[in-house]
$ cat start.cif   # mmCIF, N, CA and C atoms
data_entry
loop_
_atom_site.group_PDB
_atom_site.id
_atom_site.type_symbol
_atom_site.label_atom_id
_atom_site.label_comp_id
_atom_site.auth_asym_id
_atom_site.auth_seq_id
_atom_site.Cartn_x
_atom_site.Cartn_y
_atom_site.Cartn_z
ATOM 1 N N MET A 1115 -4.530 4.744 -15.795
ATOM 2 C CA MET A 1115 -3.936 5.266 -17.016
ATOM 3 C C MET A 1115 -3.346 6.639 -16.734
ATOM 4 N N ALA A 1116 -2.032 6.767 -16.889
ATOM 5 C CA ALA A 1116 -1.342 8.036 -16.676
ATOM 6 C C ALA A 1116 -0.846 8.568 -18.013
ATOM 7 N N THR A 1117 -1.324 9.733 -18.374
ATOM 8 C CA THR A 1117 -0.882 10.350 -19.619
ATOM 9 C C THR A 1117 0.284 11.278 -19.314
ATOM 10 N N ILE A 1118 1.336 11.112 -20.090
ATOM 11 C CA ILE A 1118 2.534 11.927 -19.934
ATOM 12 C C ILE A 1118 2.770 12.681 -21.232
ATOM 13 N N LYS A 1119 3.169 13.944 -21.103
ATOM 14 C CA LYS A 1119 3.523 14.759 -22.267
ATOM 15 C C LYS A 1119 4.973 15.179 -22.058
ATOM 16 N N ARG A 1120 5.829 14.775 -23.000
ATOM 17 C CA ARG A 1120 7.266 15.018 -22.839
ATOM 18 C C ARG A 1120 7.912 15.309 -24.186
ATOM 19 N N THR A 1121 8.907 16.184 -24.168
ATOM 20 C CA THR A 1121 9.663 16.498 -25.373
ATOM 21 C C THR A 1121 10.973 15.727 -25.352
ATOM 22 N N PHE A 1122 11.256 15.059 -26.475
ATOM 23 C CA PHE A 1122 12.488 14.294 -26.637
ATOM 24 C C PHE A 1122 13.291 14.866 -27.806
ATOM 25 N N PRO A 1123 14.609 14.973 -27.678
ATOM 26 C CA PRO A 1123 15.427 15.317 -28.840
ATOM 27 C C PRO A 1123 15.379 14.180 -29.866
ATOM 28 N N VAL A 1124 15.455 14.537 -31.142
ATOM 29 C CA VAL A 1124 15.485 13.543 -32.222
ATOM 30 C C VAL A 1124 16.709 13.849 -33.082
ATOM 31 N N LYS A 1125 17.543 12.850 -33.271
ATOM 32 C CA LYS A 1125 18.743 13.001 -34.101
ATOM 33 C C LYS A 1125 18.489 12.478 -35.512
ATOM 34 N N ASN A 1126 19.301 12.970 -36.435
ATOM 35 C CA ASN A 1126 19.373 12.491 -37.818
ATOM 36 C C ASN A 1126 18.254 12.991 -38.722
ATOM 37 N N MET A 1127 17.463 13.960 -38.298
ATOM 38 C CA MET A 1127 16.458 14.536 -39.194
ATOM 39 C C MET A 1127 17.106 15.683 -39.967
ATOM 40 N N MET A 1128 16.860 15.703 -41.280
ATOM 41 C CA MET A 1128 17.461 16.745 -42.113
ATOM 42 C C MET A 1128 16.451 17.490 -42.980
ATOM 43 N N CYS A 1129 15.238 16.977 -43.108
ATOM 44 C CA CYS A 1129 14.282 17.601 -44.017
ATOM 45 C C CYS A 1129 12.849 17.306 -43.567
ATOM 46 N N ALA A 1130 11.910 17.857 -44.307
ATOM 47 C CA ALA A 1130 10.496 17.661 -43.979
ATOM 48 C C ALA A 1130 10.077 16.205 -44.098
ATOM 49 N N MET A 1131 10.663 15.468 -45.023
ATOM 50 C CA MET A 1131 10.341 14.041 -45.147
ATOM 51 C C MET A 1131 10.799 13.269 -43.910
ATOM 52 N N CYS A 1132 11.929 13.658 -43.366
ATOM 53 C CA CYS A 1132 12.405 13.028 -42.129
ATOM 54 C C CYS A 1132 11.386 13.237 -41.016
ATOM 55 N N VAL A 1133 10.899 14.464 -40.910
ATOM 56 C CA VAL A 1133 9.891 14.793 -39.896
ATOM 57 C C VAL A 1133 8.662 13.915 -40.083
ATOM 58 N N GLN A 1134 8.216 13.767 -41.324
ATOM 59 C CA GLN A 1134 7.040 12.939 -41.602
ATOM 60 C C GLN A 1134 7.274 11.479 -41.216
ATOM 61 N N HIS A 1135 8.459 10.966 -41.497
ATOM 62 C CA HIS A 1135 8.763 9.567 -41.138
ATOM 63 C C HIS A 1135 8.723 9.360 -39.631
ATOM 64 N N VAL A 1136 9.341 10.274 -38.887
ATOM 65 C CA VAL A 1136 9.359 10.161 -37.423
ATOM 66 C C VAL A 1136 7.942 10.313 -36.876
ATOM 67 N N GLN A 1137 7.213 11.297 -37.400
ATOM 68 C CA GLN A 1137 5.839 11.553 -36.959
ATOM 69 C C GLN A 1137 4.968 10.307 -37.183
ATOM 70 N N LYS A 1138 5.064 9.729 -38.366
ATOM 71 C CA LYS A 1138 4.255 8.556 -38.703
ATOM 72 C C LYS A 1138 4.623 7.353 -37.833
ATOM 73 N N ALA A 1139 5.928 7.152 -37.628
ATOM 74 C CA ALA A 1139 6.375 6.029 -36.807
ATOM 75 C C ALA A 1139 5.844 6.144 -35.386
ATOM 76 N N LEU A 1140 5.967 7.319 -34.810
ATOM 77 C CA LEU A 1140 5.511 7.518 -33.433
ATOM 78 C C LEU A 1140 3.994 7.462 -33.333
ATOM 79 N N ALA A 1141 3.298 8.050 -34.295
ATOM 80 C CA ALA A 1141 1.831 8.071 -34.257
ATOM 81 C C ALA A 1141 1.246 6.671 -34.321
ATOM 82 N N SER A 1142 1.964 5.749 -34.965
ATOM 83 C CA SER A 1142 1.457 4.385 -35.092
ATOM 84 C C SER A 1142 1.837 3.495 -33.905
ATOM 85 N N ALA A 1143 2.656 4.003 -33.010
ATOM 86 C CA ALA A 1143 3.092 3.211 -31.858
ATOM 87 C C ALA A 1143 1.974 3.093 -30.825
ATOM 88 N N GLU A 1144 1.847 1.913 -30.254
ATOM 89 C CA GLU A 1144 0.833 1.680 -29.231
ATOM 90 C C GLU A 1144 1.074 2.613 -28.046
ATOM 91 N N GLY A 1145 -0.002 3.223 -27.562
ATOM 92 C CA GLY A 1145 0.076 4.072 -26.384
ATOM 93 C C GLY A 1145 0.354 5.533 -26.666
ATOM 94 N N VAL A 1146 0.734 5.859 -27.901
ATOM 95 C CA VAL A 1146 1.002 7.260 -28.246
ATOM 96 C C VAL A 1146 -0.317 7.920 -28.614
ATOM 97 N N LYS A 1147 -0.647 8.985 -27.888
ATOM 98 C CA LYS A 1147 -1.906 9.689 -28.117
ATOM 99 C C LYS A 1147 -1.748 10.821 -29.122
ATOM 100 N N SER A 1148 -0.641 11.544 -29.029
ATOM 101 C CA SER A 1148 -0.380 12.615 -29.989
ATOM 102 C C SER A 1148 1.123 12.828 -30.096
ATOM 103 N N VAL A 1149 1.525 13.356 -31.236
ATOM 104 C CA VAL A 1149 2.955 13.616 -31.459
ATOM 105 C C VAL A 1149 3.093 14.821 -32.378
ATOM 106 N N ASN A 1150 4.072 15.667 -32.056
ATOM 107 C CA ASN A 1150 4.384 16.824 -32.883
ATOM 108 C C ASN A 1150 5.901 16.863 -33.034
ATOM 109 N N VAL A 1151 6.380 16.586 -34.244
ATOM 110 C CA VAL A 1151 7.813 16.553 -34.517
ATOM 111 C C VAL A 1151 8.211 17.882 -35.147
ATOM 112 N N ASN A 1152 9.316 18.459 -34.653
ATOM 113 C CA ASN A 1152 9.751 19.779 -35.100
ATOM 114 C C ASN A 1152 11.180 19.694 -35.618
ATOM 115 N N LEU A 1153 11.367 20.021 -36.884
ATOM 116 C CA LEU A 1153 12.697 19.963 -37.492
ATOM 117 C C LEU A 1153 13.600 21.067 -36.950
ATOM 118 N N ALA A 1154 13.066 22.267 -36.764
ATOM 119 C CA ALA A 1154 13.878 23.397 -36.306
ATOM 120 C C ALA A 1154 14.512 23.137 -34.943
ATOM 121 N N SER A 1155 13.782 22.486 -34.068
ATOM 122 C CA SER A 1155 14.313 22.206 -32.731
ATOM 123 C C SER A 1155 14.827 20.767 -32.593
ATOM 124 N N ASN A 1156 14.724 19.983 -33.675
ATOM 125 C CA ASN A 1156 15.136 18.572 -33.639
ATOM 126 C C ASN A 1156 14.539 17.867 -32.438
ATOM 127 N N SER A 1157 13.208 17.965 -32.332
ATOM 128 C CA SER A 1157 12.551 17.382 -31.166
ATOM 129 C C SER A 1157 11.181 16.824 -31.527
ATOM 130 N N ALA A 1158 10.671 16.011 -30.608
ATOM 131 C CA ALA A 1158 9.325 15.456 -30.748
ATOM 132 C C ALA A 1158 8.607 15.641 -29.414
ATOM 133 N N LEU A 1159 7.468 16.304 -29.458
ATOM 134 C CA LEU A 1159 6.607 16.437 -28.287
ATOM 135 C C LEU A 1159 5.618 15.283 -28.361
ATOM 136 N N ILE A 1160 5.704 14.376 -27.396
ATOM 137 C CA ILE A 1160 4.907 13.150 -27.436
ATOM 138 C C ILE A 1160 4.016 13.082 -26.209
ATOM 139 N N GLU A 1161 2.737 12.830 -26.451
ATOM 140 C CA GLU A 1161 1.793 12.561 -25.368
ATOM 141 C C GLU A 1161 1.488 11.074 -25.434
ATOM 142 N N TYR A 1162 1.744 10.381 -24.320
ATOM 143 C CA TYR A 1162 1.586 8.925 -24.344
ATOM 144 C C TYR A 1162 1.068 8.401 -23.014
ATOM 145 N N ASP A 1163 0.498 7.209 -23.085
ATOM 146 C CA ASP A 1163 -0.006 6.500 -21.916
ATOM 147 C C ASP A 1163 1.124 5.616 -21.408
ATOM 148 N N ASP A 1164 1.619 5.929 -20.210
ATOM 149 C CA ASP A 1164 2.778 5.185 -19.714
ATOM 150 C C ASP A 1164 2.453 3.774 -19.235
ATOM 151 N N THR A 1165 1.180 3.409 -19.262
ATOM 152 C CA THR A 1165 0.836 2.013 -18.960
ATOM 153 C C THR A 1165 0.886 1.153 -20.221
ATOM 154 N N LEU A 1166 0.934 1.815 -21.391
ATOM 155 C CA LEU A 1166 0.952 1.083 -22.658
ATOM 156 C C LEU A 1166 2.284 1.158 -23.396
ATOM 157 N N THR A 1167 3.080 2.168 -23.089
ATOM 158 C CA THR A 1167 4.369 2.329 -23.766
ATOM 159 C C THR A 1167 5.357 2.993 -22.830
ATOM 160 N N SER A 1168 6.590 3.087 -23.291
ATOM 161 C CA SER A 1168 7.653 3.694 -22.494
ATOM 162 C C SER A 1168 8.589 4.456 -23.427
ATOM 163 N N PRO A 1169 9.419 5.335 -22.868
ATOM 164 C CA PRO A 1169 10.402 6.007 -23.722
ATOM 165 C C PRO A 1169 11.292 5.014 -24.471
ATOM 166 N N GLU A 1170 11.631 3.908 -23.831
ATOM 167 C CA GLU A 1170 12.471 2.905 -24.482
ATOM 168 C C GLU A 1170 11.767 2.280 -25.693
ATOM 169 N N ALA A 1171 10.480 2.004 -25.547
ATOM 170 C CA ALA A 1171 9.711 1.430 -26.661
ATOM 171 C C ALA A 1171 9.593 2.430 -27.808
ATOM 172 N N MET A 1172 9.333 3.696 -27.467
ATOM 173 C CA MET A 1172 9.228 4.723 -28.510
ATOM 174 C C MET A 1172 10.572 4.936 -29.196
ATOM 175 N N LYS A 1173 11.659 4.861 -28.436
ATOM 176 C CA LYS A 1173 12.993 4.958 -29.026
ATOM 177 C C LYS A 1173 13.196 3.839 -30.042
ATOM 178 N N GLY A 1174 12.758 2.638 -29.706
ATOM 179 C CA GLY A 1174 12.884 1.511 -30.626
ATOM 180 C C GLY A 1174 12.140 1.740 -31.925
ATOM 181 N N VAL A 1175 10.957 2.336 -31.836
ATOM 182 C CA VAL A 1175 10.148 2.631 -33.026
ATOM 183 C C VAL A 1175 10.851 3.662 -33.905
ATOM 184 N N VAL A 1176 11.367 4.720 -33.290
ATOM 185 C CA VAL A 1176 12.048 5.781 -34.046
ATOM 186 C C VAL A 1176 13.364 5.255 -34.624
ATOM 187 N N ASP A 1177 14.098 4.496 -33.832
ATOM 188 C CA ASP A 1177 15.352 3.922 -34.328
ATOM 189 C C ASP A 1177 15.108 3.009 -35.524
ATOM 190 N N ALA A 1178 14.027 2.227 -35.484
ATOM 191 C CA ALA A 1178 13.683 1.334 -36.598
ATOM 192 C C ALA A 1178 13.353 2.118 -37.863
ATOM 193 N N ALA A 1179 12.900 3.362 -37.695
ATOM 194 C CA ALA A 1179 12.588 4.215 -38.845
ATOM 195 C C ALA A 1179 13.840 4.901 -39.392
ATOM 196 N N GLY A 1180 14.975 4.724 -38.709
ATOM 197 C CA GLY A 1180 16.227 5.284 -39.210
ATOM 198 C C GLY A 1180 16.671 6.563 -38.529
ATOM 199 N N TYR A 1181 16.053 6.913 -37.445
ATOM 200 C CA TYR A 1181 16.373 8.135 -36.715
ATOM 201 C C TYR A 1181 16.692 7.756 -35.273
ATOM 202 N N CYS A 1182 16.929 8.732 -34.419
ATOM 203 C CA CYS A 1182 17.311 8.419 -33.043
ATOM 204 C C CYS A 1182 16.546 9.305 -32.068
ATOM 205 N N LEU A 1183 15.676 8.693 -31.286
ATOM 206 C CA LEU A 1183 14.966 9.396 -30.220
ATOM 207 C C LEU A 1183 15.863 9.330 -28.985
ATOM 208 N N VAL A 1184 16.252 10.481 -28.471
ATOM 209 C CA VAL A 1184 17.166 10.546 -27.336
ATOM 210 C C VAL A 1184 16.359 10.512 -26.047
ATOM 211 N N ILE A 1185 16.548 9.456 -25.264
ATOM 212 C CA ILE A 1185 15.806 9.330 -24.005
ATOM 213 C C ILE A 1185 16.705 9.482 -22.794
ATOM 214 N N ASP A 1186 18.011 9.440 -22.996
ATOM 215 C CA ASP A 1186 18.977 9.574 -21.914
ATOM 216 C C ASP A 1186 19.444 11.027 -21.854
ATOM 217 N N ALA A 1187 19.307 11.656 -20.706
ATOM 218 C CA ALA A 1187 19.667 13.069 -20.560
ATOM 219 C C ALA A 1187 21.121 13.332 -20.945
ATOM 220 N N ALA A 1188 22.011 12.418 -20.623
ATOM 221 C CA ALA A 1188 23.423 12.604 -20.948
ATOM 222 C C ALA A 1188 23.656 12.612 -22.452
ATOM 223 N N GLU A 1189 22.812 11.895 -23.175
ATOM 224 C CA GLU A 1189 22.954 11.791 -24.626
ATOM 225 C C GLU A 1189 22.376 13.002 -25.347
ATOM 226 N N SER A 1190 21.584 13.799 -24.651
ATOM 227 C CA SER A 1190 20.852 14.874 -25.310
ATOM 228 C C SER A 1190 21.547 16.226 -25.284
ATOM 229 N N THR A 1191 22.801 16.265 -24.940
ATOM 230 C CA THR A 1191 23.499 17.543 -24.911
ATOM 231 C C THR A 1191 23.575 18.127 -26.317
ATOM 232 N N GLU A 1192 23.681 19.427 -26.378
ATOM 233 C CA GLU A 1192 23.760 20.097 -27.684
ATOM 234 C C GLU A 1192 24.947 19.591 -28.502
ATOM 235 N N ASP A 1193 26.065 19.341 -27.866
ATOM 236 C CA ASP A 1193 27.238 18.855 -28.592
ATOM 237 C C ASP A 1193 26.985 17.504 -29.239
ATOM 238 N N ALA A 1194 26.317 16.626 -28.528
ATOM 239 C CA ALA A 1194 26.028 15.300 -29.068
ATOM 240 C C ALA A 1194 25.098 15.404 -30.274
ATOM 241 N N ILE A 1195 24.095 16.244 -30.175
ATOM 242 C CA ILE A 1195 23.157 16.421 -31.279
ATOM 243 C C ILE A 1195 23.862 17.047 -32.479
ATOM 244 N N GLU A 1196 24.668 18.066 -32.219
ATOM 245 C CA GLU A 1196 25.381 18.737 -33.306
ATOM 246 C C GLU A 1196 26.345 17.786 -34.009
ATOM 247 N N GLU A 1197 27.047 16.992 -33.252
ATOM 248 C CA GLU A 1197 27.987 16.035 -33.843
ATOM 249 C C GLU A 1197 27.267 14.994 -34.698
ATOM 250 N N ALA A 1198 26.152 14.501 -34.202
ATOM 251 C CA ALA A 1198 25.373 13.526 -34.965
ATOM 252 C C ALA A 1198 24.862 14.138 -36.273
ATOM 253 N N GLN A 1199 24.442 15.394 -36.203
ATOM 254 C CA GLN A 1199 23.939 16.056 -37.410
ATOM 255 C C GLN A 1199 25.053 16.258 -38.433
ATOM 256 N N LYS A 1200 26.253 16.582 -37.970
ATOM 257 C CA LYS A 1200 27.381 16.743 -38.879
ATOM 258 C C LYS A 1200 27.680 15.433 -39.605
ATOM 259 N N LYS A 1201 27.693 14.341 -38.844
ATOM 260 C CA LYS A 1201 27.951 13.027 -39.441
ATOM 261 C C LYS A 1201 26.861 12.670 -40.444
ATOM 262 N N THR A 1202 25.616 12.944 -40.090
ATOM 263 C CA THR A 1202 24.500 12.648 -40.978
ATOM 264 C C THR A 1202 24.581 13.484 -42.244
ATOM 265 N N SER A 1203 24.937 14.756 -42.100
ATOM 266 C CA SER A 1203 25.061 15.645 -43.260
ATOM 267 C C SER A 1203 26.132 15.142 -44.214
ATOM 268 N N LYS A 1204 27.265 14.739 -43.670
ATOM 269 C CA LYS A 1204 28.341 14.229 -44.519
ATOM 270 C C LYS A 1204 27.906 12.966 -45.242
ATOM 271 N N SER A 1205 27.241 12.081 -44.529
ATOM 272 C CA SER A 1205 26.766 10.836 -45.138
ATOM 273 C C SER A 1205 25.747 11.130 -46.232
ATOM 274 N N PHE A 1206 24.833 12.056 -45.969
ATOM 275 C CA PHE A 1206 23.805 12.434 -46.936
ATOM 276 C C PHE A 1206 24.449 13.007 -48.192
ATOM 277 N N LEU A 1207 25.428 13.895 -48.018
ATOM 278 C CA LEU A 1207 26.092 14.493 -49.178
ATOM 279 C C LEU A 1207 26.866 13.458 -49.980
ATOM 280 N N LYS A 1208 27.487 12.494 -49.298
ATOM 281 C CA LYS A 1208 28.180 11.426 -50.006
ATOM 282 C C LYS A 1208 27.219 10.618 -50.854
ATOM 283 N N LYS A 1209 26.069 10.302 -50.308
ATOM 284 C CA LYS A 1209 25.063 9.541 -51.051
ATOM 285 C C LYS A 1209 24.525 10.354 -52.215
ATOM 286 N N LEU A 1210 24.322 11.635 -51.984
ATOM 287 C CA LEU A 1210 23.731 12.497 -52.997
ATOM 288 C C LEU A 1210 24.695 12.758 -54.143
ATOM 289 N N PHE A 1211 25.936 13.066 -53.810
ATOM 290 C CA PHE A 1211 26.904 13.464 -54.829
ATOM 291 C C PHE A 1211 27.955 12.404 -55.134
ATOM 292 N N GLY A 1212 27.916 11.287 -54.420
ATOM 293 C CA GLY A 1212 28.843 10.211 -54.684
ATOM 294 C C GLY A 1212 30.273 10.499 -54.271
ATOM 295 N N ARG A 1213 30.446 11.394 -53.325
ATOM 296 C CA ARG A 1213 31.810 11.741 -52.861
ATOM 297 C C ARG A 1213 31.975 11.425 -51.414
#

$ encode --input "start.cif" --output "structure tokens"
Amino acid sequence: MATIKRTFPVKNMMCAMCVQHVQKALASAEGVKSVNVNLASNSALIEYDDTLTSPEAMKGVVDAAGYCLVIDAAESTEDAIEEAQKKTSKSFLKKLFGR
């Protein structure tokens, strides 16, 4: 059993409820020992057993919750995260205000 502790960028979080959804999704995933999701840094610090889960499996859990766990280094650039947040903000405002 190898325990790994790694920080992953998380896209599409906009509020404390988003953080709670991501935290709950990851905490319930098999092999995840601990998780700390941070809205300010748009990241999740995950401690997991790599014999029971993988970054790809955890990405699937987060994606199913409506967010995006970034596991590919090329995808995690600041520009990619910023662009995704802009798109999410526009979508959120459209839903909220109907515009």

$ closest_residue --input "start.cif" --among "A:Met1172, A:Met1127, A:Val1184, A:Ile1118" --to "Ser1142 of chain A" --atoms "only C-alpha atoms"
A:Met1172

$ resolve_selection --input "start.cif" --expression "the PyMOL selection byres ((chain A and resi 1126) around 7)" --output "PyMOL selection string"
chain A and resi 1124-1125+1127-1129+1132+1180-1182+1198-1199+1202

$ residues_around --input "start.cif" --residues "Gly1145 of chain A" --least-positions-apart "3" --cutoff "5 Å" --atoms "only N, CA and C atoms" --output "ChimeraX atom specification"
/A:1162-1163,1166-1167

$ atom_distance --input "start.cif" --atom1 "atom N of Lys1209 of chain A" --atom2 "atom CA of Glu1196 of chain A"
19.0 Å

$ closest_residue --input "start.cif" --among "A:Pro1123, A:Ser1203, A:Ala1116, A:Leu1210" --to "Ala1154 of chain A" --atoms "only C-alpha atoms"
A:Pro1123

$ residues_around --input "start.cif" --residues "Thr1121 of chain A" --least-positions-apart "6" --cutoff "8 Å" --atoms "only N, CA and C atoms" --output "NGL selection string"
:A and (1157-1161 or 1184)

$ select_by_dssp --input "start.cif" --residues "chain A" --states "strand (DSSP E or B)" --output "PyMOL selection string"
chain A and resi 1117-1125+1146-1152+1157-1163+1182-1183

$ resolve_selection --input "start.cif" --expression "the PyMOL selection byres (((chain A and resi 1143 and name CA) around 12) and name CA)" --output "PyMOL selection string"
chain A and resi 1136-1142+1144-1149+1160-1163+1166-1176+1178-1179

$ select_by_dssp --input "start.cif" --residues "chain A" --states "helix (DSSP H, G or I)" --output "ChimeraX atom specification"
/A:1130-1141,1169-1178,1187-1190,1192-1211

$ closest_residue --input "start.cif" --among "A:Gly1212, A:Asp1186, A:Lys1119, A:Val1151" --to "Gln1134 of chain A" --atoms "only N, CA and C atoms"
A:Val1151

$ atom_distance --input "start.cif" --atom1 "atom CA of Asn1152 of chain A" --atom2 "atom CA of Thr1117 of chain A"
21.0 Å

$ atom_distance --input "start.cif" --atom1 "atom N of His1135 of chain A" --atom2 "atom CA of Asp1164 of chain A"
23.2 Å

$ decode --input "start.cif" --residues "segment 1115-1206 of chain A" --atoms "C-alpha atoms" --output "compact mmCIF listing (two decimals), in the first residue's frame"
# COMPACT_ATOMS: atom_id res chain seq x y z
CA MET A 1115 0.00 0.00 0.00
CA ALA A 1116 1.55 3.28 -1.17
CA THR A 1117 0.03 6.48 0.13
CA ILE A 1118 0.43 9.49 -2.11
CA LYS A 1119 -0.32 13.11 -1.20
CA ARG A 1120 -0.77 15.37 -4.22
CA THR A 1121 -2.35 18.70 -5.06
CA PHE A 1122 -4.55 18.88 -8.16
CA PRO A 1123 -6.07 22.00 -9.75
CA VAL A 1124 -9.89 22.01 -9.73
CA LYS A 1125 -11.86 23.93 -12.35
CA ASN A 1126 -15.40 25.34 -12.21
CA MET A 1127 -15.60 26.05 -8.47
CA MET A 1128 -17.16 29.42 -7.69
CA CYS A 1129 -18.38 29.30 -4.10
CA ALA A 1130 -18.25 27.48 -0.78
CA MET A 1131 -20.98 25.07 -1.89
CA CYS A 1132 -18.83 24.08 -4.86
CA VAL A 1133 -15.98 23.32 -2.46
CA GLN A 1134 -18.31 21.18 -0.34
CA HIS A 1135 -19.51 19.22 -3.39
CA VAL A 1136 -15.96 18.48 -4.56
CA GLN A 1137 -14.84 17.65 -1.01
CA LYS A 1138 -17.75 15.26 -0.48
CA ALA A 1139 -17.30 13.58 -3.86
CA LEU A 1140 -13.61 12.95 -3.30
CA ALA A 1141 -14.01 11.91 0.35
CA SER A 1142 -16.47 9.21 -0.69
CA ALA A 1143 -14.19 7.80 -3.40
CA GLU A 1144 -12.55 4.46 -2.71
CA GLY A 1145 -8.90 4.80 -1.73
CA VAL A 1146 -9.07 8.47 -0.73
CA LYS A 1147 -7.77 8.87 2.80
CA SER A 1148 -8.07 12.64 3.17
CA VAL A 1149 -8.96 15.63 1.04
CA ASN A 1150 -8.74 19.39 1.50
CA VAL A 1151 -10.37 21.51 -1.21
CA ASN A 1152 -9.41 25.19 -1.38
CA LEU A 1153 -11.49 27.73 -3.30
CA ALA A 1154 -8.85 30.50 -3.16
CA SER A 1155 -6.26 28.35 -4.91
CA ASN A 1156 -8.78 26.30 -6.95
CA SER A 1157 -7.11 23.12 -5.80
CA ALA A 1158 -7.58 19.89 -3.91
CA LEU A 1159 -4.90 18.33 -1.72
CA ILE A 1160 -5.66 14.61 -1.84
CA GLU A 1161 -4.06 11.80 0.13
CA TYR A 1162 -4.85 8.48 -1.48
CA ASP A 1163 -3.82 4.84 -1.71
CA ASP A 1164 -2.54 4.30 -5.23
CA THR A 1165 -3.33 0.59 -5.07
CA LEU A 1166 -7.03 1.41 -4.67
CA THR A 1167 -7.48 4.49 -6.85
CA SER A 1168 -5.78 6.65 -9.45
CA PRO A 1169 -5.83 10.27 -10.56
CA GLU A 1170 -7.99 9.19 -13.50
CA ALA A 1171 -10.56 7.57 -11.19
CA MET A 1172 -10.64 10.63 -8.92
CA LYS A 1173 -11.05 12.86 -11.98
CA GLY A 1174 -14.08 10.78 -12.96
CA VAL A 1175 -15.62 11.27 -9.51
CA VAL A 1176 -15.08 15.05 -9.59
CA ASP A 1177 -16.26 15.34 -13.19
CA ALA A 1178 -19.45 13.43 -12.28
CA ALA A 1179 -20.06 16.03 -9.56
CA GLY A 1180 -19.95 18.78 -12.19
CA TYR A 1181 -16.41 20.06 -11.71
CA CYS A 1182 -13.05 19.26 -13.30
CA LEU A 1183 -10.06 17.74 -11.53
CA VAL A 1184 -7.01 18.55 -13.66
CA ILE A 1185 -4.62 15.60 -13.80
CA ASP A 1186 -2.71 16.50 -16.97
CA ALA A 1187 0.11 19.00 -16.41
CA ALA A 1188 -0.52 20.63 -19.79
CA GLU A 1189 -4.14 21.25 -18.84
CA SER A 1190 -3.26 22.89 -15.53
CA THR A 1191 -1.70 26.09 -16.80
CA GLU A 1192 -2.96 29.31 -15.27
CA ASP A 1193 -4.40 30.41 -18.61
CA ALA A 1194 -6.47 27.26 -18.95
CA ILE A 1195 -7.85 27.61 -15.43
CA GLU A 1196 -8.59 31.30 -15.90
CA GLU A 1197 -10.38 30.70 -19.19
CA ALA A 1198 -12.50 27.93 -17.70
CA GLN A 1199 -13.44 30.17 -14.78
CA LYS A 1200 -14.48 32.97 -17.13
CA LYS A 1201 -16.73 30.60 -19.07
CA THR A 1202 -18.20 29.24 -15.85
CA SER A 1203 -18.82 32.75 -14.51
CA LYS A 1204 -20.66 33.76 -17.67
CA SER A 1205 -22.77 30.61 -17.58
CA PHE A 1206 -23.55 31.12 -13.89
